[in-house]
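Content type compact mmCIF, C-alpha atoms and all ligand atoms, from the file final24.txt:
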# COMPACT_ATOMS: atom_id res chain seq x y z
CA MET A 785 -12.14 19.47 -8.21
CA ASN A 786 -10.93 19.99 -4.67
CA ALA A 787 -9.38 22.90 -2.86
CA PHE A 788 -5.92 21.84 -3.90
CA SER A 789 -6.43 21.56 -7.64
CA SER A 790 -8.86 24.38 -8.35
CA GLY A 791 -7.60 26.84 -10.88
CA ALA A 792 -4.36 25.02 -11.69
CA ALA A 793 -4.07 22.84 -14.78
CA VAL A 794 -4.75 19.18 -14.21
CA THR A 795 -1.97 16.60 -14.08
CA GLY A 796 -3.31 13.09 -14.54
CA ARG A 797 -1.50 9.80 -14.85
CA PHE A 798 -1.49 6.24 -16.13
CA ALA A 799 -0.13 3.95 -13.43
CA PRO A 800 -0.24 0.43 -14.89
CA SER A 801 1.26 -2.58 -13.14
CA PRO A 802 3.22 -4.43 -15.82
CA THR A 803 2.06 -7.88 -14.76
CA GLY A 804 0.22 -8.85 -17.94
CA PRO A 805 -1.36 -7.55 -21.11
CA LEU A 806 -3.77 -4.61 -21.03
CA HIS A 807 -7.41 -5.48 -21.58
CA LEU A 808 -10.53 -3.53 -22.41
CA GLY A 809 -11.08 -2.66 -18.73
CA ASN A 810 -7.66 -0.99 -18.58
CA ALA A 811 -8.39 0.84 -21.83
CA TRP A 812 -11.58 2.13 -20.22
CA SER A 813 -9.82 3.61 -17.18
CA PHE A 814 -6.89 4.96 -19.16
CA LEU A 815 -9.16 6.57 -21.75
CA LEU A 816 -11.15 8.31 -19.00
CA ALA A 817 -8.01 9.37 -17.12
CA TRP A 818 -6.57 10.80 -20.34
CA LEU A 819 -9.77 12.57 -21.41
CA ALA A 820 -10.36 14.02 -17.94
CA ALA A 821 -6.89 15.60 -18.02
CA ARG A 822 -7.03 16.71 -21.66
CA ALA A 823 -10.55 18.15 -21.28
CA GLU A 824 -9.00 20.77 -19.01
CA GLY A 825 -5.89 21.27 -21.12
CA GLY A 826 -3.95 19.19 -18.60
CA ARG A 827 -0.94 16.90 -18.72
CA VAL A 828 -0.63 13.13 -18.51
CA ILE A 829 2.19 11.09 -16.98
CA LEU A 830 2.97 7.42 -17.60
CA ARG A 831 4.47 5.60 -14.62
CA HIS A 832 5.21 1.88 -14.62
CA GLU A 833 4.29 0.41 -11.24
CA ASP A 834 6.80 -2.41 -11.44
CA ILE A 835 7.28 -2.50 -7.69
CA ASP A 836 6.89 -6.27 -7.34
CA PRO A 837 9.91 -7.86 -9.00
CA ASP A 838 8.32 -11.30 -9.11
CA ARG A 839 5.31 -10.17 -11.10
CA SER A 840 6.61 -7.32 -13.27
CA ARG A 841 8.23 -7.77 -16.66
CA GLN A 842 9.86 -5.48 -19.18
CA GLU A 843 7.92 -7.13 -22.00
CA TRP A 844 4.64 -6.03 -20.39
CA MET A 845 5.90 -2.46 -20.04
CA ASP A 846 6.73 -2.43 -23.74
CA ALA A 847 3.34 -3.94 -24.55
CA ILE A 848 1.53 -1.37 -22.39
CA GLU A 849 3.21 1.52 -24.20
CA ARG A 850 2.39 -0.03 -27.58
CA ASP A 851 -1.24 -0.64 -26.61
CA LEU A 852 -1.72 2.90 -25.29
CA ARG A 853 -0.30 4.35 -28.51
CA TRP A 854 -2.50 2.06 -30.59
CA LEU A 855 -5.56 3.43 -28.80
CA GLY A 856 -4.40 6.97 -29.52
CA LEU A 857 -3.44 7.84 -25.93
CA ASP A 858 -0.21 9.78 -25.49
CA TRP A 859 1.64 11.11 -22.47
CA ASP A 860 3.74 14.19 -21.78
CA GLU A 861 6.10 12.54 -19.33
CA GLY A 862 7.17 8.97 -18.89
CA PRO A 863 10.09 6.57 -19.25
CA ASN A 864 12.96 8.40 -20.94
CA HIS A 865 11.45 11.86 -20.89
CA GLY A 866 10.30 14.33 -18.27
CA PRO A 867 11.47 16.20 -15.18
CA HIS A 868 9.96 13.89 -12.56
CA GLY A 869 11.83 10.66 -13.18
CA PRO A 870 12.35 7.89 -12.47
CA TYR A 871 9.11 6.73 -14.09
CA HIS A 872 9.62 3.15 -12.94
CA GLN A 873 8.80 2.34 -9.34
CA SER A 874 11.56 -0.26 -9.30
CA LEU A 875 14.02 2.66 -9.52
CA CYS A 876 12.47 4.63 -6.65
CA ARG A 877 13.24 2.46 -3.64
CA HIS A 878 15.44 5.16 -2.11
CA LEU A 879 12.48 7.55 -2.23
CA TYR A 880 10.19 5.08 -0.46
CA GLU A 881 12.91 4.58 2.13
CA LYS A 882 13.04 8.33 2.73
CA ALA A 883 9.28 8.54 3.17
CA LEU A 884 9.43 5.59 5.55
CA ASP A 885 12.07 7.38 7.63
CA LYS A 886 9.79 10.38 7.88
CA LEU A 887 6.86 8.26 9.05
CA ARG A 888 9.09 6.37 11.44
CA ALA A 889 10.44 9.59 12.94
CA ARG A 890 6.86 10.55 13.72
CA GLY A 891 6.27 7.21 15.44
CA PHE A 892 3.84 5.79 12.92
CA VAL A 893 5.76 2.69 11.83
CA TYR A 894 6.01 -0.67 13.58
CA PRO A 895 7.28 -4.10 12.65
CA CYS A 896 4.72 -6.88 12.21
CA TYR A 897 5.95 -10.44 12.57
CA CYS A 898 2.70 -12.19 11.72
CA THR A 899 2.94 -14.86 9.07
CA ARG A 900 0.36 -15.18 6.33
CA LYS A 901 -1.05 -18.19 8.10
CA GLU A 902 -1.40 -16.32 11.39
CA LEU A 903 -3.09 -13.46 9.59
CA ARG A 904 -5.56 -15.90 8.05
CA LEU A 905 -6.33 -17.45 11.43
CA MET A 906 -6.83 -14.06 13.07
CA ALA A 907 -9.25 -13.26 10.30
CA GLY A 908 -11.92 -15.47 11.84
CA ALA A 909 -14.47 -12.68 11.69
CA PRO A 910 -13.70 -10.90 8.46
CA HIS A 911 -15.71 -7.74 9.02
CA GLY A 912 -13.93 -5.97 6.19
CA ALA A 913 -14.94 -8.64 3.70
CA ALA A 914 -18.38 -9.27 5.17
CA ASP A 915 -19.64 -5.74 4.73
CA GLY A 916 -18.52 -5.77 1.14
CA LEU A 917 -15.96 -3.07 1.77
CA GLY A 918 -12.85 -5.15 2.32
CA ASP A 919 -10.59 -5.38 -0.67
CA GLU A 920 -7.94 -7.36 1.13
CA GLY A 921 -9.96 -9.71 3.28
CA ALA A 922 -10.20 -9.13 6.99
CA ALA A 923 -8.73 -6.11 8.70
CA TYR A 924 -5.38 -6.54 10.44
CA PRO A 925 -6.28 -6.42 14.14
CA GLY A 926 -3.12 -4.61 15.24
CA THR A 927 -1.60 -7.66 16.91
CA CYS A 928 2.01 -6.44 16.72
CA ARG A 929 1.29 -2.82 17.58
CA HIS A 930 2.32 -3.09 21.18
CA LEU A 931 4.98 -5.77 21.24
CA THR A 932 7.59 -5.04 23.87
CA PRO A 933 11.24 -4.73 22.82
CA GLU A 934 11.79 -8.18 24.38
CA GLU A 935 8.99 -9.72 22.35
CA ARG A 936 10.40 -8.18 19.20
CA ALA A 937 13.86 -9.46 19.98
CA HIS A 938 12.40 -12.90 20.58
CA LYS A 939 10.67 -12.93 17.16
CA GLU A 940 13.86 -11.74 15.49
CA ALA A 941 15.79 -14.50 17.22
CA GLU A 942 13.33 -16.99 15.75
CA GLY A 943 14.47 -15.70 12.40
CA ARG A 944 11.25 -13.91 11.56
CA LYS A 945 11.52 -11.02 9.10
CA PRO A 946 8.97 -8.32 9.85
CA ALA A 947 6.71 -6.44 7.51
CA LEU A 948 6.42 -2.74 8.38
CA ARG A 949 2.98 -1.37 9.08
CA LEU A 950 1.52 2.09 9.51
CA LEU A 951 -0.12 2.74 12.85
CA CYS A 952 -3.53 4.07 11.80
CA PRO A 953 -5.32 6.35 14.27
CA ASP A 954 -8.27 4.32 15.61
CA ASP A 955 -10.92 6.96 15.21
CA GLU A 956 -9.84 8.42 11.87
CA VAL A 957 -12.75 9.07 9.51
CA THR A 958 -11.74 10.09 6.01
CA CYS A 959 -13.89 12.57 4.14
CA PHE A 960 -13.35 13.50 0.53
CA ASP A 961 -15.38 14.46 -2.49
CA ASP A 962 -15.15 11.89 -5.22
CA LEU A 963 -15.63 13.31 -8.71
CA VAL A 964 -17.83 10.33 -9.60
CA LEU A 965 -19.20 8.95 -6.34
CA GLY A 966 -19.76 12.26 -4.58
CA PRO A 967 -19.04 12.99 -0.91
CA GLN A 968 -17.39 10.09 0.93
CA ARG A 969 -17.12 9.49 4.65
CA ILE A 970 -15.15 6.32 5.36
CA PRO A 971 -13.86 5.16 8.75
CA LEU A 972 -10.26 4.18 8.24
CA GLN A 973 -10.78 1.07 10.35
CA ARG A 974 -12.98 -0.29 7.55
CA CYS A 975 -10.05 -0.11 5.16
CA GLY A 976 -8.06 -3.07 6.43
CA GLY A 977 -6.63 -1.66 9.64
CA ASP A 978 -2.92 -0.88 10.03
CA PHE A 979 -1.66 -1.46 6.51
CA ALA A 980 1.71 -2.60 5.26
CA LEU A 981 4.27 -0.11 4.00
CA ARG A 982 6.83 -2.78 3.21
CA ARG A 983 6.35 -6.53 2.99
CA SER A 984 8.47 -8.93 5.00
CA ASP A 985 10.42 -9.79 1.83
CA GLY A 986 11.38 -6.13 1.44
CA VAL A 987 8.95 -5.31 -1.39
CA TRP A 988 7.45 -1.84 -0.96
CA ALA A 989 3.69 -1.68 -0.68
CA TYR A 990 1.48 -0.12 -3.34
CA GLN A 991 -0.09 2.35 -0.85
CA LEU A 992 3.21 4.00 0.02
CA ALA A 993 4.74 3.88 -3.45
CA VAL A 994 1.73 5.37 -5.18
CA VAL A 995 1.51 8.30 -2.74
CA VAL A 996 5.24 9.07 -2.83
CA ASP A 997 5.18 9.03 -6.62
CA ASP A 998 1.95 10.94 -7.17
CA MET A 999 3.23 13.53 -4.71
CA ARG A 1000 6.65 14.03 -6.24
CA MET A 1001 5.22 14.04 -9.78
CA GLY A 1002 2.67 16.72 -8.92
CA VAL A 1003 -0.31 14.57 -9.87
CA THR A 1004 -3.52 16.49 -9.16
CA GLN A 1005 -6.13 14.08 -10.51
CA VAL A 1006 -6.35 10.32 -10.04
CA VAL A 1007 -8.86 8.40 -12.17
CA ARG A 1008 -9.07 4.70 -11.34
CA GLY A 1009 -11.48 1.81 -10.84
CA GLU A 1010 -13.91 1.91 -7.94
CA ASP A 1011 -12.40 -1.37 -6.72
CA ILE A 1012 -9.60 0.79 -5.30
CA LEU A 1013 -11.91 3.13 -3.36
CA LEU A 1014 -10.86 1.73 0.02
CA SER A 1015 -7.24 2.44 -0.71
CA THR A 1016 -7.98 6.13 -0.90
CA PRO A 1017 -8.48 6.74 2.85
CA ARG A 1018 -5.16 5.00 3.49
CA GLN A 1019 -3.47 7.11 0.84
CA LEU A 1020 -5.02 10.32 2.16
CA LEU A 1021 -3.61 9.51 5.59
CA LEU A 1022 -0.17 9.11 4.03
CA TYR A 1023 -0.55 12.46 2.26
CA ARG A 1024 -1.33 14.05 5.59
CA LEU A 1025 1.56 12.41 7.44
CA LEU A 1026 4.03 13.13 4.65
CA GLY A 1027 2.83 16.70 4.25
CA GLY A 1028 1.60 16.56 0.65
CA ASP A 1029 -1.40 18.03 -1.16
CA PRO A 1030 -3.71 15.20 -2.19
CA PRO A 1031 -5.09 15.02 -5.72
CA SER A 1032 -8.77 14.85 -6.54
CA PHE A 1033 -10.09 11.34 -7.08
CA ALA A 1034 -12.50 9.84 -9.58
CA HIS A 1035 -13.39 6.21 -8.86
CA ILE A 1036 -15.05 4.93 -11.99
CA PRO A 1037 -17.36 1.92 -12.43
CA LEU A 1038 -15.73 -1.26 -13.74
CA LEU A 1039 -16.53 -3.15 -16.93
CA HIS A 1040 -18.06 -6.60 -16.39
CA ASP A 1041 -18.76 -9.55 -18.65
CA ALA A 1042 -22.15 -11.19 -19.17
CA ARG A 1043 -21.53 -13.47 -16.14
CA GLY A 1044 -21.01 -10.46 -13.90
CA GLU A 1045 -17.26 -10.90 -13.60
CA ARG A 1046 -15.07 -7.87 -13.93
CA LEU A 1047 -12.97 -7.76 -17.08
CA ALA A 1048 -9.49 -8.99 -16.32
CA LYS A 1049 -6.45 -10.55 -17.85
CA ARG A 1050 -8.21 -13.87 -18.30
CA HIS A 1051 -10.62 -12.35 -20.85
CA LYS A 1052 -8.11 -13.06 -23.55
CA SER A 1053 -10.24 -12.01 -26.52
CA LEU A 1054 -10.57 -8.56 -24.93
CA SER A 1055 -6.86 -7.95 -24.47
CA LEU A 1056 -5.84 -4.94 -26.53
CA ALA A 1057 -3.24 -7.05 -28.33
CA ALA A 1058 -5.90 -9.60 -29.35
CA LEU A 1059 -8.21 -6.83 -30.53
CA ARG A 1060 -5.45 -5.28 -32.59
CA GLU A 1061 -4.32 -8.59 -34.04
CA SER A 1062 -7.84 -9.59 -35.00
CA GLY A 1063 -8.20 -6.40 -37.03
CA CYS A 1064 -10.33 -4.28 -34.69
CA SER A 1065 -10.16 -0.55 -35.24
CA PRO A 1066 -8.91 1.48 -32.25
CA LEU A 1067 -11.37 4.21 -33.24
CA ALA A 1068 -14.22 1.72 -32.93
CA VAL A 1069 -12.98 0.57 -29.51
CA VAL A 1070 -12.70 4.18 -28.31
CA GLY A 1071 -16.11 5.02 -29.78
CA TYR A 1072 -17.66 2.12 -27.91
CA LEU A 1073 -16.03 3.12 -24.60
CA ALA A 1074 -17.04 6.76 -25.16
CA ARG A 1075 -20.66 5.65 -25.55
CA LEU A 1076 -20.42 3.61 -22.31
CA ALA A 1077 -19.09 6.74 -20.57
CA GLY A 1078 -22.04 8.77 -21.80
CA LEU A 1079 -19.81 10.92 -24.01
CA GLN A 1080 -21.68 10.10 -27.20
CA GLU A 1081 -25.02 8.51 -28.00
CA LYS A 1082 -23.91 5.88 -30.47
CA ASP A 1083 -20.92 3.57 -30.84
CA GLU A 1084 -19.53 5.83 -33.53
CA PRO A 1085 -15.79 5.39 -34.14
CA ILE A 1086 -13.83 8.36 -32.89
CA SER A 1087 -10.29 9.17 -31.77
CA PRO A 1088 -9.40 10.22 -28.22
CA ALA A 1089 -7.98 13.45 -29.68
CA ARG A 1090 -11.33 14.39 -31.26
CA LEU A 1091 -13.19 13.54 -28.08
CA ALA A 1092 -10.75 15.71 -26.13
CA ASP A 1093 -11.24 18.62 -28.53
CA ARG A 1094 -14.97 18.42 -28.00
CA LEU A 1095 -14.66 18.23 -24.22
CA ARG A 1096 -12.23 21.14 -24.16
CA ARG A 1097 -14.75 23.27 -26.01
CA GLU A 1098 -17.37 22.23 -23.45
CA GLY A 1099 -14.91 23.22 -20.74
CA SER A 1100 -14.77 20.16 -18.49
CA PHE A 1101 -15.23 16.43 -18.22
CA PRO A 1102 -18.89 15.41 -17.68
CA TRP A 1103 -18.49 13.02 -14.72
CA ASN A 1104 -22.28 13.07 -14.27
CA ALA A 1105 -22.75 11.28 -17.58
CA LEU A 1106 -20.98 8.15 -16.27
CA PRO A 1107 -23.35 5.32 -15.36
CA ARG A 1108 -23.32 4.03 -11.76
CA GLY A 1109 -22.26 0.54 -10.83
CA PRO A 1110 -20.78 -2.21 -12.99
CA ILE A 1111 -21.07 -1.78 -16.75
CA LEU A 1112 -21.90 -4.80 -18.89
CA VAL A 1113 -19.84 -5.64 -21.95
CA PRO A 1114 -21.85 -8.31 -23.80
CA ASP A 1115 -20.11 -11.42 -25.15
CA GLY A 1116 -18.82 -10.88 -28.66
CA ALA A 1117 -18.88 -7.07 -28.38
CA GLU A 1118 -15.54 -7.04 -30.16
CA ARG A 1119 -17.09 -8.40 -33.38
CA ARG A 1120 -18.55 -4.95 -33.97
CA TRP A 1121 -15.17 -3.26 -33.90
CA LYS A 1122 -13.95 -4.82 -37.10
CA PRO A 1123 -14.41 -2.84 -40.28
N1 LIG A 1201 -0.77 0.13 -10.35
C1 LIG A 1201 -2.07 0.22 -9.77
C2 LIG A 1201 -3.01 -0.72 -10.50
O1 LIG A 1201 -2.73 -1.05 -11.65
C3 LIG A 1201 -2.54 1.64 -9.86
C4 LIG A 1201 -3.73 1.95 -9.06
C5 LIG A 1201 -3.93 3.46 -9.02
O2 LIG A 1201 -4.30 4.02 -10.05
O3 LIG A 1201 -3.68 4.06 -7.98
O4 LIG A 1201 -3.98 -1.18 -9.94
ZN ZN A 1202 1.51 -8.63 13.23

Representation of the structure as structure tokens:
Amino acid sequence: MNAFSSGAAVTGRFAPSPTGPLHLGNAWSFLLAWLAARAEGGRVILRHEDIDPDRSRQEWMDAIERDLRWLGLDWDEGPNHGPHGPYHQSLCRHLYEKALDKLRARGFVYPCYCTRKELRLMAGAPHGAADGLGDEGAAYPGTCRHLTPEERAHKEAEGRKPALRLLCPDDEVTCFDDLVLGPQRIPLQRCGGDFALRRSDGVWAYQLAVVVDDMRMGVTQVVRGEDILLSTPRQLLLYRLLGGDPPSFAHIPLLHDARGERLAKRHKSLSLAALRESGCSPLAVVGYLARLAGLQEKDEPISPARLADRLRREGSFPWNALPRGPILVPDGAERRWKP
């Protein structure tokens, strides 16, 4: 809990990208996000992060809602109901535009004309990736920060469409208390450098969209995979520049398979649809995940609602019970979830 959320009821959220079917790893983060909010009598919002029109599909949004309900996870606000709509990022472009104007007025936005190929070439020494911290390859070295108006005009005349980047203060060090990982102290320059707010094809960037939406929806608690940890300093900077109160963050360990790969869409037998269709019980799936989270000792089947009741009686979510580092899901684990 941080200074901004103490005392007030928690508002958590599910923020899925509808680019494919949900799998066990998504169920893991959504279950924890839901329980962490419900443990404190809080609310949960569902927001479809369908910001990339090429990758997002209505059928996946429908599937996500069905899968969440199958698991026993509900939400208080979401598509079609609630005071903080729209709950689809594709309908919020005007809001991202407004936030961009605000950042631009403060002098923090500049056009970047680099092509993907140029960015790859510049990335000769990928310090971001090499120290294991980079989630997007090498840091952008700020090449287009100081282009003169003439240079910009020249690039435009060549027909180049710019991306828009945020000018990140060089010496910014972000400190925050992670509910799972504890105190963090991360130099912003290790988070990919000046990051994109809008791609050259006009698609809004995740970093901006997620902050604008979490801010306007009053989200006070963000529970997500630790693979996103390095996005948090960038998002905290946006909170500061846009004048919003940041939520508290819990970056949770990811589920991995027996080969050490994180669970993802390609683990087809662990998609929630496959589990449902092969006759697995959602209570068994939840019971298994609850045991992984340290919430119960055995894989006993249980509903999210019963877990939440228990946690509410205990008064808070036991973040300390979560294991550290990647969590192994052995091959064939799903065989045990059939009655
Ligand atoms: N849509 C993002 C994802 O699915 C959400 C990340 C977040 O929770 O901030 O990765
Ligand atoms: Zn550039």

Show me a table, sorted first by chain and then by increasing residue number, of the residues of range 1095-1116 of chain A having an atom at most 12 Å from range 1052-1069 of chain A, each with its shortest atom pair and the distance in Å to one decimal, counting all atoms listed in the file and written as a Markdown table.
| residue | atom | partner | partner_atom | distance |
| --- | --- | --- | --- | --- |
| A:Val1113 | CA | A:Leu1054 | CA | 10.2 |
| A:Pro1114 | CA | A:Leu1054 | CA | 11.3 |
| A:Asp1115 | CA | A:Leu1054 | CA | 10.0 |
| A:Gly1116 | CA | A:Ser1053 | CA | 8.9 |

Residues within 12 Å of ligand ZN 1202 (chain A), counting only C-alpha atoms and all ligand atoms: report them as a PDB file with C-alpha atoms, keeping the file's coordinate frame.
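The resulting file, out_11.pdb, is shown below:
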ATOM      1  CA  TYR A 894       6.010  -0.670  13.580  1.00  0.00           C
ATOM      2  CA  PRO A 895       7.280  -4.100  12.650  1.00  0.00           C
ATOM      3  CA  CYS A 896       4.720  -6.880  12.210  1.00  0.00           C
ATOM      4  CA  TYR A 897       5.950 -10.440  12.570  1.00  0.00           C
ATOM      5  CA  CYS A 898       2.700 -12.190  11.720  1.00  0.00           C
ATOM      6  CA  THR A 899       2.940 -14.860   9.070  1.00  0.00           C
ATOM      7  CA  ARG A 900       0.360 -15.180   6.330  1.00  0.00           C
ATOM      8  CA  LYS A 901      -1.050 -18.190   8.100  1.00  0.00           C
ATOM      9  CA  GLU A 902      -1.400 -16.320  11.390  1.00  0.00           C
ATOM     10  CA  LEU A 903      -3.090 -13.460   9.590  1.00  0.00           C
ATOM     11  CA  ARG A 904      -5.560 -15.900   8.050  1.00  0.00           C
ATOM     12  CA  LEU A 905      -6.330 -17.450  11.430  1.00  0.00           C
ATOM     13  CA  MET A 906      -6.830 -14.060  13.070  1.00  0.00           C
ATOM     14  CA  ALA A 923      -8.730  -6.110   8.700  1.00  0.00           C
ATOM     15  CA  TYR A 924      -5.380  -6.540  10.440  1.00  0.00           C
ATOM     16  CA  PRO A 925      -6.280  -6.420  14.140  1.00  0.00           C
ATOM     17  CA  GLY A 926      -3.120  -4.610  15.240  1.00  0.00           C
ATOM     18  CA  THR A 927      -1.600  -7.660  16.910  1.00  0.00           C
ATOM     19  CA  CYS A 928       2.010  -6.440  16.720  1.00  0.00           C
ATOM     20  CA  ARG A 929       1.290  -2.820  17.580  1.00  0.00           C
ATOM     21  CA  HIS A 930       2.320  -3.090  21.180  1.00  0.00           C
ATOM     22  CA  LEU A 931       4.980  -5.770  21.240  1.00  0.00           C
ATOM     23  CA  GLU A 935       8.990  -9.720  22.350  1.00  0.00           C
ATOM     24  CA  ARG A 936      10.400  -8.180  19.200  1.00  0.00           C
ATOM     25  CA  LYS A 939      10.670 -12.930  17.160  1.00  0.00           C
ATOM     26  CA  ARG A 944      11.250 -13.910  11.560  1.00  0.00           C
ATOM     27  CA  LYS A 945      11.520 -11.020   9.100  1.00  0.00           C
ATOM     28  CA  PRO A 946       8.970  -8.320   9.850  1.00  0.00           C
ATOM     29  CA  ALA A 947       6.710  -6.440   7.510  1.00  0.00           C
ATOM     30  CA  LEU A 948       6.420  -2.740   8.380  1.00  0.00           C
ATOM     31  CA  ARG A 949       2.980  -1.370   9.080  1.00  0.00           C
ATOM     32  CA  LEU A 950       1.520   2.090   9.510  1.00  0.00           C
ATOM     33  CA  LEU A 951      -0.120   2.740  12.850  1.00  0.00           C
ATOM     34  CA  GLY A 977      -6.630  -1.660   9.640  1.00  0.00           C
ATOM     35  CA  ASP A 978      -2.920  -0.880  10.030  1.00  0.00           C
ATOM     36  CA  PHE A 979      -1.660  -1.460   6.510  1.00  0.00           C
ATOM     37  CA  ALA A 980       1.710  -2.600   5.260  1.00  0.00           C
ATOM     38  CA  ARG A 983       6.350  -6.530   2.990  1.00  0.00           C
ATOM     39  CA  SER A 984       8.470  -8.930   5.000  1.00  0.00           C
TER      40      SER A 984
END

**Asked** Would you name the residues within 6 Å of ligand LIG 1201 (chain A), counting all atoms listed in the file, and put them as a list in words?
**Response**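 The residues near ligand LIG 1201 (chain A) are Ala799, Pro800, Ser801, Glu833 and Arg1008 of chain A.
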
**Request:** Quote the spacing between CA of Phe892 in chain A and CA of Leu1025 in chain A in Å to one decimal place.
**Result:**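 If I compute the distance from CA of Phe892 in chain A to CA of Leu1025 in chain A, I get 8.9 Å.
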
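Among A:Leu1013, A:Ile848, A:Ala1117, A:Ala993, the residue with the shortest atom-to-atom distance to Leu879 in chain A, counting only C-alpha atoms, is A:Ala993.
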
Quick one: which range 846-865 of chain A residues come within 9 Å of range 803-818 of chain A, and what is the nearest atom pair for each with the distance in Å to one decimal, counting only C-alpha atoms, rows ordered by chain and ascending number, as a Markdown table?
| residue | atom | partner | partner_atom | distance |
| --- | --- | --- | --- | --- |
| A:Ala847 | CA | A:Pro805 | CA | 6.9 |
| A:Ile848 | CA | A:Leu806 | CA | 6.4 |
| A:Asp851 | CA | A:Leu806 | CA | 7.3 |
| A:Leu852 | CA | A:Ala811 | CA | 7.8 |
| A:Leu855 | CA | A:Ala811 | CA | 8.0 |
| A:Leu857 | CA | A:Trp818 | CA | 7.1 |
| A:Asp858 | CA | A:Trp818 | CA | 8.2 |
| A:Trp859 | CA | A:Trp818 | CA | 8.5 |

Residues at most 8 Å from Leu1047 in chain A, counting all atoms listed in the file, excluding those fewer than 2 positions away in the same chain, as an mmCIF file with C-alpha atoms, in the coordinates of the input?
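What follows is the written file result-v1.cif:
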data_model
loop_
_atom_site.group_PDB
_atom_site.id
_atom_site.type_symbol
_atom_site.label_atom_id
_atom_site.label_comp_id
_atom_site.auth_asym_id
_atom_site.auth_seq_id
_atom_site.Cartn_x
_atom_site.Cartn_y
_atom_site.Cartn_z
ATOM 1 C CA HIS A 807 -7.410 -5.480 -21.580
ATOM 2 C CA LEU A 808 -10.530 -3.530 -22.410
ATOM 3 C CA GLY A 809 -11.080 -2.660 -18.730
ATOM 4 C CA LEU A 1038 -15.730 -1.260 -13.740
ATOM 5 C CA LEU A 1039 -16.530 -3.150 -16.930
ATOM 6 C CA HIS A 1040 -18.060 -6.600 -16.390
ATOM 7 C CA ASP A 1041 -18.760 -9.550 -18.650
ATOM 8 C CA GLU A 1045 -17.260 -10.900 -13.600
ATOM 9 C CA LYS A 1049 -6.450 -10.550 -17.850
ATOM 10 C CA ARG A 1050 -8.210 -13.870 -18.300
ATOM 11 C CA HIS A 1051 -10.620 -12.350 -20.850
#

**Prompt:** How many Å lie between CA of Leu884 in chain A and CA of Gly986 in chain A, rounded to one decimal?
**Reply:**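 Interatomic distance, CA of Leu884 in chain A to CA of Gly986 in chain A: 12.6 Å.
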
**Request:** Please provide the set of residues having any atom within 12 Å of Pro967 in chain A, restricted to all atoms listed in the file, with same-chain residues fewer than 3 positions apart removed, written as number ranges by chain.
**Result:** A: 785-786, 958-964, 970, 1032-1035

**Complete:** Using only C-alpha atoms, the best pick from A:Pro1085, A:Pro953, A:Pro863, A:Gly1028 as closest to Asp998 in chain A would be A:Gly1028

Counting only C-alpha atoms, give me one row per residue of range 937-1006 of chain A with an atom at most 10 Å from an atom of range 867-877 of chain A, showing the shortest contact pair and its distance in Å to one decimal, sorted by chain then residue number, as a Markdown table.
| residue | atom | partner | partner_atom | distance |
| --- | --- | --- | --- | --- |
| A:Val987 | CA | A:Arg877 | CA | 9.2 |
| A:Trp988 | CA | A:Arg877 | CA | 7.7 |
| A:Tyr990 | CA | A:Gln873 | CA | 9.8 |
| A:Ala993 | CA | A:Gln873 | CA | 7.3 |
| A:Val994 | CA | A:Gln873 | CA | 8.7 |
| A:Val996 | CA | A:Cys876 | CA | 9.3 |
| A:Asp997 | CA | A:Gln873 | CA | 8.1 |
| A:Arg1000 | CA | A:His868 | CA | 7.1 |
| A:Met1001 | CA | A:His868 | CA | 5.5 |
| A:Gly1002 | CA | A:His868 | CA | 8.6 |

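Across the model, the gap from CA of Leu965 in chain A to CA of Leu981 in chain A is 27.2 Å.
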
**Request:** Rank nothing, just name the residue among A:Ser1100, A:Gln973, A:Ser1015, A:Thr1004 nearest to Ala989 in chain A, using all atoms listed in the file.
**Result:**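 Ranked by minimum distance to Ala989 in chain A, first place goes to A:Ser1015.
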
**Request:** Tell me which of A:Ala1048, A:Ile1086, A:Ala820, A:Leu1026 sits closest to Val794 in chain A, counting only C-alpha atoms.
**Result:**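 Closest to Val794 in chain A, using only C-alpha atoms: A:Ala820.
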
**Request:** Can you work out which one of A:Arg1075, A:Arg822, A:Arg1024, A:His878 has the shortest atom-to-atom distance to Ala1092 in chain A, counting all atoms listed in the file?
**Result:**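 For Ala1092 in chain A, the nearest of the given residues is A:Arg822.
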
**Message:** Please determine, counting only C-alpha atoms, which residue among A:Lys1122, A:Arg831, A:Arg890, A:Arg841 has the shortest atom-to-atom distance to Asn864 in chain A.
**Reply:** A:Arg831
